[in-house]
Amino acid sequence: MPLVAKIGPSILNADLSDLASESQRLLENGADYLHLDVMDGHFVPNLTFGHSLVKCLRRKIKDTSFETHMMVTNPQQWIQNMADAGVNLYTFHVEPVGSDIPEICRQIQEAGMKVGLAVKPGTRIETVEQYIDLADVVLVMTVEPGFGGQAFMRDMMPKVRWLREHYPNLNIEVDGGVGPETIEYCAKAGANMIVSGTALIEANNQKEVINLLRSMVQTYNRWIRIGVAII
Ligand SMILES: O=C(CO)[C@H](O)[C@H](O)COP(=O)(O)O
């Protein structure tokens, strides 16, 4: 399947009391999927929401892919709940789970979801190399996970470049501080799934920003298509 440029807003810094309308607005402005940040207050020093909220959102938003970015110590615990809530892509951090990665990937697939492997800034990308065949997406964090609105870490780009060089057909996602000012670095390095939080939520013209992010991915990666392939 050809790679597709996809823009997935992170709703972390949105008005969470009005999440459905905030999400709807982003989708109407051209977002391809929603990136939902789940934090447990343990793996990261912040707390957000769990599967009950995702399920409520799914009742209102039916035709869009949901990714849950599981910033939790025990990702295994929430697999079935998130599948039942209507999640399509279950992205978990490799750091707390070590050798359980293959088993977790198997359980996610068995629950009917795609698999995402996420790495924190301090984690060497080679750590996930042996598991890439089990994954649909690799997420390279470009901030320390935990909070929106942080500064983009440009020194994570060698990880993205390394992945793209070694895995031309891999979905590579970047997350953290990504917006009009920093998209060029991500696109040049070869990322095709772009998570953008604050830059999009606070944009006066979301459609313009989404189009810009997408077109930058394609400018530097001519073989990547536009589309809404479910991931
Ligand atoms: O995973 C995250 C933080 O842990 C967020 O998705 C990320 O930070 C996006 O927000 P912003 O674009 O504002 O940095």
# chains A, B, ... in the order shown; residues from 1 in each chain; ligands from 1
$ residues_near_ligand --ligand "ligand 1" --cutoff "7 Å" --atoms "only C-alpha atoms and all ligand atoms" --output "MDAnalysis selection string"
chainID A and resid 10 12:13 35 37 69 143:150 175:179 195:199
$ select_by_dssp --residues "stretch 20-174 of chain A" --states "helix (DSSP H, G or I)" --output "VMD selection string"
chain A and resid 20 to 28 51 to 60 75 to 85 98 to 110 125 to 134 154 to 166
$ select_by_dssp --residues "stretch 9-168 of chain A" --states "strand (DSSP E)" --output "VMD selection string"
chain A and resid 9 33 to 39 65 to 71 89 to 93 114 to 119 137 to 141
$ write_last_selection --atoms "N, CA and C atoms" --output "short mmCIF file (atom, residue, chain, number, x, y, z; two decimals), in the first residue's frame"
data_model
loop_
_atom_site.label_atom_id
_atom_site.label_comp_id
_atom_site.auth_asym_id
_atom_site.auth_seq_id
_atom_site.Cartn_x
_atom_site.Cartn_y
_atom_site.Cartn_z
N PRO A 9 -4.43 15.82 14.37
CA PRO A 9 -4.35 16.78 15.47
C PRO A 9 -4.33 16.08 16.84
N TYR A 33 -7.03 12.13 10.88
CA TYR A 33 -7.32 11.25 12.01
C TYR A 33 -7.17 12.05 13.29
N LEU A 34 -7.61 11.48 14.39
CA LEU A 34 -7.45 12.17 15.68
C LEU A 34 -6.44 11.42 16.53
N HIS A 35 -5.52 12.19 17.11
CA HIS A 35 -4.48 11.64 17.97
C HIS A 35 -4.89 11.95 19.41
N LEU A 36 -5.24 10.92 20.15
CA LEU A 36 -5.80 11.10 21.49
C LEU A 36 -4.75 10.71 22.53
N ASP A 37 -4.35 11.67 23.34
CA ASP A 37 -3.25 11.47 24.29
C ASP A 37 -3.77 10.94 25.62
N VAL A 38 -3.44 9.69 25.89
CA VAL A 38 -3.88 9.06 27.14
C VAL A 38 -2.69 9.01 28.10
N MET A 39 -2.84 9.65 29.25
CA MET A 39 -1.73 9.72 30.23
C MET A 39 -2.20 9.22 31.58
N SER A 65 -10.49 7.82 11.80
CA SER A 65 -9.59 6.96 12.57
C SER A 65 -9.21 7.62 13.89
N PHE A 66 -9.24 6.83 14.94
CA PHE A 66 -8.76 7.30 16.24
C PHE A 66 -7.45 6.59 16.55
N GLU A 67 -6.45 7.38 16.90
CA GLU A 67 -5.23 6.80 17.46
C GLU A 67 -5.20 7.15 18.93
N THR A 68 -4.95 6.17 19.79
CA THR A 68 -4.67 6.52 21.18
C THR A 68 -3.18 6.39 21.40
N HIS A 69 -2.57 7.45 21.86
CA HIS A 69 -1.15 7.47 22.20
C HIS A 69 -1.08 7.18 23.69
N MET A 70 -0.73 5.94 24.00
CA MET A 70 -0.82 5.46 25.38
C MET A 70 0.45 5.80 26.15
N MET A 71 0.40 6.91 26.86
CA MET A 71 1.54 7.29 27.70
C MET A 71 1.26 6.74 29.10
N LEU A 89 -5.98 2.68 16.01
CA LEU A 89 -4.51 2.54 16.11
C LEU A 89 -4.13 2.73 17.58
N TYR A 90 -3.49 1.70 18.13
CA TYR A 90 -3.12 1.70 19.55
C TYR A 90 -1.61 1.84 19.63
N THR A 91 -1.17 3.05 19.99
CA THR A 91 0.27 3.32 20.01
C THR A 91 0.76 3.34 21.45
N PHE A 92 1.73 2.48 21.75
CA PHE A 92 2.23 2.41 23.13
C PHE A 92 3.73 2.64 23.17
N HIS A 93 4.19 3.06 24.33
CA HIS A 93 5.63 3.30 24.50
C HIS A 93 6.34 2.00 24.82
N LYS A 114 -4.65 -1.54 14.82
CA LYS A 114 -3.30 -1.45 14.29
C LYS A 114 -2.36 -1.13 15.45
N VAL A 115 -1.07 -1.40 15.20
CA VAL A 115 -0.08 -1.26 16.26
C VAL A 115 0.86 -0.08 16.00
N GLY A 116 1.03 0.76 17.01
CA GLY A 116 2.03 1.82 16.93
C GLY A 116 3.04 1.64 18.06
N LEU A 117 4.33 1.79 17.72
CA LEU A 117 5.40 1.73 18.73
C LEU A 117 5.95 3.14 18.90
N ALA A 118 5.94 3.64 20.14
CA ALA A 118 6.40 5.01 20.39
C ALA A 118 7.72 5.00 21.15
N VAL A 119 8.59 5.95 20.80
CA VAL A 119 9.86 6.08 21.52
C VAL A 119 10.04 7.50 22.05
N VAL A 137 3.00 1.47 12.62
CA VAL A 137 3.48 2.86 12.73
C VAL A 137 4.59 2.90 13.78
N VAL A 138 5.61 3.71 13.54
CA VAL A 138 6.56 4.04 14.61
C VAL A 138 6.43 5.53 14.89
N LEU A 139 6.21 5.85 16.15
CA LEU A 139 6.06 7.24 16.57
C LEU A 139 7.35 7.73 17.23
N VAL A 140 7.96 8.73 16.61
CA VAL A 140 9.16 9.34 17.17
C VAL A 140 8.74 10.61 17.92
N MET A 141 8.89 10.57 19.24
CA MET A 141 8.52 11.75 20.03
C MET A 141 9.54 12.87 19.83
#
$ atom_distance --atom1 "atom CA of A:Ala191" --atom2 "atom CA of A:Phe152"
14.4 Å
$ residues_around --residues "A:Leu26" --least-positions-apart "6" --cutoff "12 Å" --atoms "only C-alpha atoms" --output "NGL selection string"
:A and (7-11 or 14 or 19-20 or 32-35 or 61 or 64 or 196-197 or 200-211)
$ closest_residue --among "A:Arg161, A:Met156, A:Pro121, A:Met216" --to "A:Glu181" --atoms "only C-alpha atoms"
A:Met216
